[in-house]
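Below: the structure, in structure tokens.
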Amino acid sequence: MPVAEGQYQQTAPAIDAPVRIEELVKSFGRHRVLRGISLAFPRGKTTVVLGPSGCGKSVMLKHLIGLLRPDKGRVFYETERVDMLSERRLGPIRRQFGFLFQHGALFDSMSVADNIAFALREQEGGRPYDEETRVRYVLRLVGLENVYRRNPSELSGGQQKRVALARAVVLRPKVVLYDEPTTGLDPIRADVINELILKFKQQLDVTSIVVTHDLASAFKVADHMVMLHEGRVVLEGTPEEFRNSADPVVRRFLRGEASEEELRAIRSVGSEDIDFRGSQ
Ligand SMILES: Nc1ncnc2c1ncn2[C@@H]1O[C@H](COP(=O)(O)OP(=O)(O)OP(=O)(O)O)[C@@H](O)[C@H]1O
Ligand SMILES: [Mg+2]
């Protein structure tokens, strides 16, 4: 059937995926960050997005909820073109997402309960009906009901992350975006967060997208994995396909090795240029 001008003919996605991006291109000034990324995030599953620092993982996540607009390409939530929506019409879409920001801090001037209830009041016009029940429920989910009245500054980093997770799911999102959820935590606290990601998937039936450098976390929570490198998708597949990949970029990332080129660049900057001892 011919498509009217200006209309976008949507091809049926090969898998059931509430969140999809197609041919996403994004630059900041002359810096081309995303160079044509197409991905589908399967419903009810956890997709882990891996990639070196600065490759555009957070930028990609922000496009999913319209915090950034692409230069080219399309972003879908269900049947909606997210990249085409006005700020006002983005509201109901964002309401379907829980977002754990990479640098998302809690407000120190409010109690833990108010930090979480804040999201409820913003979205639901201040109806206090079951506010306390909802806040207690999500705090119980993350194992921290006892900090209800505390101030965030009294909590450890790991506890603060768990409160931020509780806040991310209090609106019963359909999709949860986690940007580096375990960064800065010791391996045991990190594993608590992994367990919560698994638990939210099961108990809240959400589609999850986890951006991380933490390979232990990645392999623990992933049903599906994606690796970005230099603005492109280098591999998309099951954790097993990742482990067995022969792609040199993937293998180096999994082994935590810099490329020869990167090592050469660092080694070639010699200390002979500068005398660190100063002139005494
Ligand atoms: N608002 C912005 N304005 C200008 N440049 C930006 C902006 N946001 C991101 N960038 C640039 O885009 C690139 C990708 O940033 P991004 O935050 O997505 O990296 P990342 O893959 O999430 O890295 P990390 O793993 O360190 O969090 C970086 O070079 C960054 O400086
Ligand atoms: Mg980031």
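Order determines the names: the first chain of the structure tokens is A, the second B, and so forth; residues in each chain are numbered 1 upward, and ligands are numbered 1 upward as they are shown.
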Q: Considering only C-alpha atoms, return as a PyMOL selection string whatever protein or nucleic-acid residues lie within 9 Å of Ile65 of chain A, sequence-local ones (same chain, fewer than 2 positions apart) excluded.
A: chain A and resi 61-63+67-68+75+77+82-83+90+93-94+97
Q.
DSSP on the backbone, helix (DSSP H, G or I) only: what residues of segment 52-253 of chain A does that give? Format it as number ranges by chain.
A. A: 57-64, 82-84, 87-94, 112-124, 131-141, 145-147, 152-154, 157-169, 187-204, 215-221, 239-243, 248-253
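Distances from A:Thr182, A:Ser156, A:Thr212, A:Asn194 to ligand 2 were compared using only C-alpha atoms and all ligand atoms, and the smallest one belongs to A:Thr212.
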Under the rule of at most 10 Å, produce a per-residue listing of chain A near ligand 1: chain, number, name, the closest pair of atoms, and the distance in Å, as CSV, using only C-alpha atoms and all ligand atoms.
```
residue,atom,partner,partner_atom_place_in_ligand_line,distance
A:Lys26,CA,ligand 1,12 (O),8.8
A:Ser27,CA,ligand 1,12 (O),7.7
A:Phe28,CA,ligand 1,4 (C),5.0
A:Gly29,CA,ligand 1,4 (C),7.4
A:Arg30,CA,ligand 1,5 (N),9.8
A:His31,CA,ligand 1,29 (O),7.4
A:Arg32,CA,ligand 1,12 (O),8.0
A:Val33,CA,ligand 1,12 (O),5.5
A:Leu34,CA,ligand 1,14 (C),8.3
A:Val49,CA,ligand 1,21 (O),9.5
A:Leu50,CA,ligand 1,21 (O),8.5
A:Gly51,CA,ligand 1,21 (O),6.5
A:Pro52,CA,ligand 1,25 (O),5.9
A:Ser53,CA,ligand 1,25 (O),3.4
A:Gly54,CA,ligand 1,19 (O),3.4
A:Cys55,CA,ligand 1,21 (O),4.0
A:Gly56,CA,ligand 1,18 (O),3.1
A:Lys57,CA,ligand 1,21 (O),3.8
A:Ser58,CA,ligand 1,18 (O),3.7
A:Val59,CA,ligand 1,18 (O),3.8
A:Met60,CA,ligand 1,18 (O),6.4
A:Leu61,CA,ligand 1,18 (O),8.0
A:Lys62,CA,ligand 1,18 (O),8.5
A:Leu67,CA,ligand 1,1 (N),9.8
A:Leu68,CA,ligand 1,1 (N),8.2
A:Gln102,CA,ligand 1,27 (O),7.2
A:His103,CA,ligand 1,27 (O),9.4
A:Asp179,CA,ligand 1,27 (O),7.8
A:Glu180,CA,ligand 1,27 (O),7.4
A:Thr183,CA,ligand 1,27 (O),9.9
A:Val211,CA,ligand 1,22 (O),7.9
A:Thr212,CA,ligand 1,25 (O),7.2
A:His213,CA,ligand 1,25 (O),6.9
A:Leu228,CA,ligand 1,21 (O),8.3
A:His229,CA,ligand 1,21 (O),9.0
A:Glu230,CA,ligand 1,21 (O),9.6
A:Gly231,CA,ligand 1,14 (C),8.8
```
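Restricting the calculation to only C-alpha atoms, the smallest distance between Pro173 of chain A and any of A:Leu39, A:Val19, A:Leu204, A:Val233 is found for A:Leu204.
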Q: Rank nothing, just name the residue among A:Ile15, A:Leu24, A:Leu100, A:Leu198 nearest to ligand 2, using only C-alpha atoms and all ligand atoms.
A: A:Leu100
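Among the candidates A:Asn151, A:Gln96, A:Ser245, A:Asn115, the one nearest to Leu171 of chain A when counting only C-alpha atoms is A:Gln96.
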As an mmCIF file with C-alpha atoms, in the first residue's frame, please: the residues near Gln159 of chain A (cut-off 9 Å, only C-alpha atoms, same-chain neighbours under 6 positions excluded).
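File part.cif, as written:
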```
data_model
loop_
_atom_site.group_PDB
_atom_site.id
_atom_site.type_symbol
_atom_site.label_atom_id
_atom_site.label_comp_id
_atom_site.auth_asym_id
_atom_site.auth_seq_id
_atom_site.Cartn_x
_atom_site.Cartn_y
_atom_site.Cartn_z
ATOM 1 C CA LEU A 144 14.874 -0.631 53.423
ATOM 2 C CA PRO A 152 19.563 10.467 52.644
ATOM 3 C CA ARG A 189 26.462 -4.079 47.550
#
```
Q: From segment 110-224 of chain A, collect each residue whose DSSP state is strand (DSSP E) and return the set as a PyMOL selection string.
A: chain A and resi 175-179+207-211+224
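The neighbours of Thr133 of chain A here are the residues that come within 12 Å of it, using only C-alpha atoms and leaving out any residue fewer than 2 positions away in the same chain; they are Ala113, Ile116, Ala117, Leu120, Pro128, Tyr129, Asp130, Glu131, Val135, Arg136, Tyr137, Val138, Leu139, Arg140, Glu145, Tyr148 and Val170 of chain A.
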Q | Atomic distance atom CA of Leu64 of chain A - atom CA of Arg172 of chain A, expressed in Å with one decimal | A | 17.6 Å
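Nearest-residue note for Arg95 of chain A: choosing from A:Arg121, A:Lys45, A:Arg267, A:Lys174, the minimum distance belongs to A:Lys174, counting only C-alpha atoms.
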Q: Can you pull out every residue within 10 Å of Ile209 of chain A, counting only C-alpha atoms, but drop anything in the same chain fewer than 6 positions away, and send it as an NGL selection string?
A: :A and (19 or 41-42 or 45-49 or 61 or 99 or 175-179 or 197 or 222 or 224-225)
Q: Rank nothing, just name the residue among A:Lys72, A:Pro181, A:Arg243, A:Val169 nearest to ligand 2, using only C-alpha atoms and all ligand atoms.
A: A:Pro181
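The gap separating atom CA of Val210 of chain A from atom CA of Glu154 of chain A is 27.3 Å, in Å to one decimal.
Straight-line separation from atom CA of Met110 of chain A to atom CA of Arg162 of chain A: 16.2 Å.
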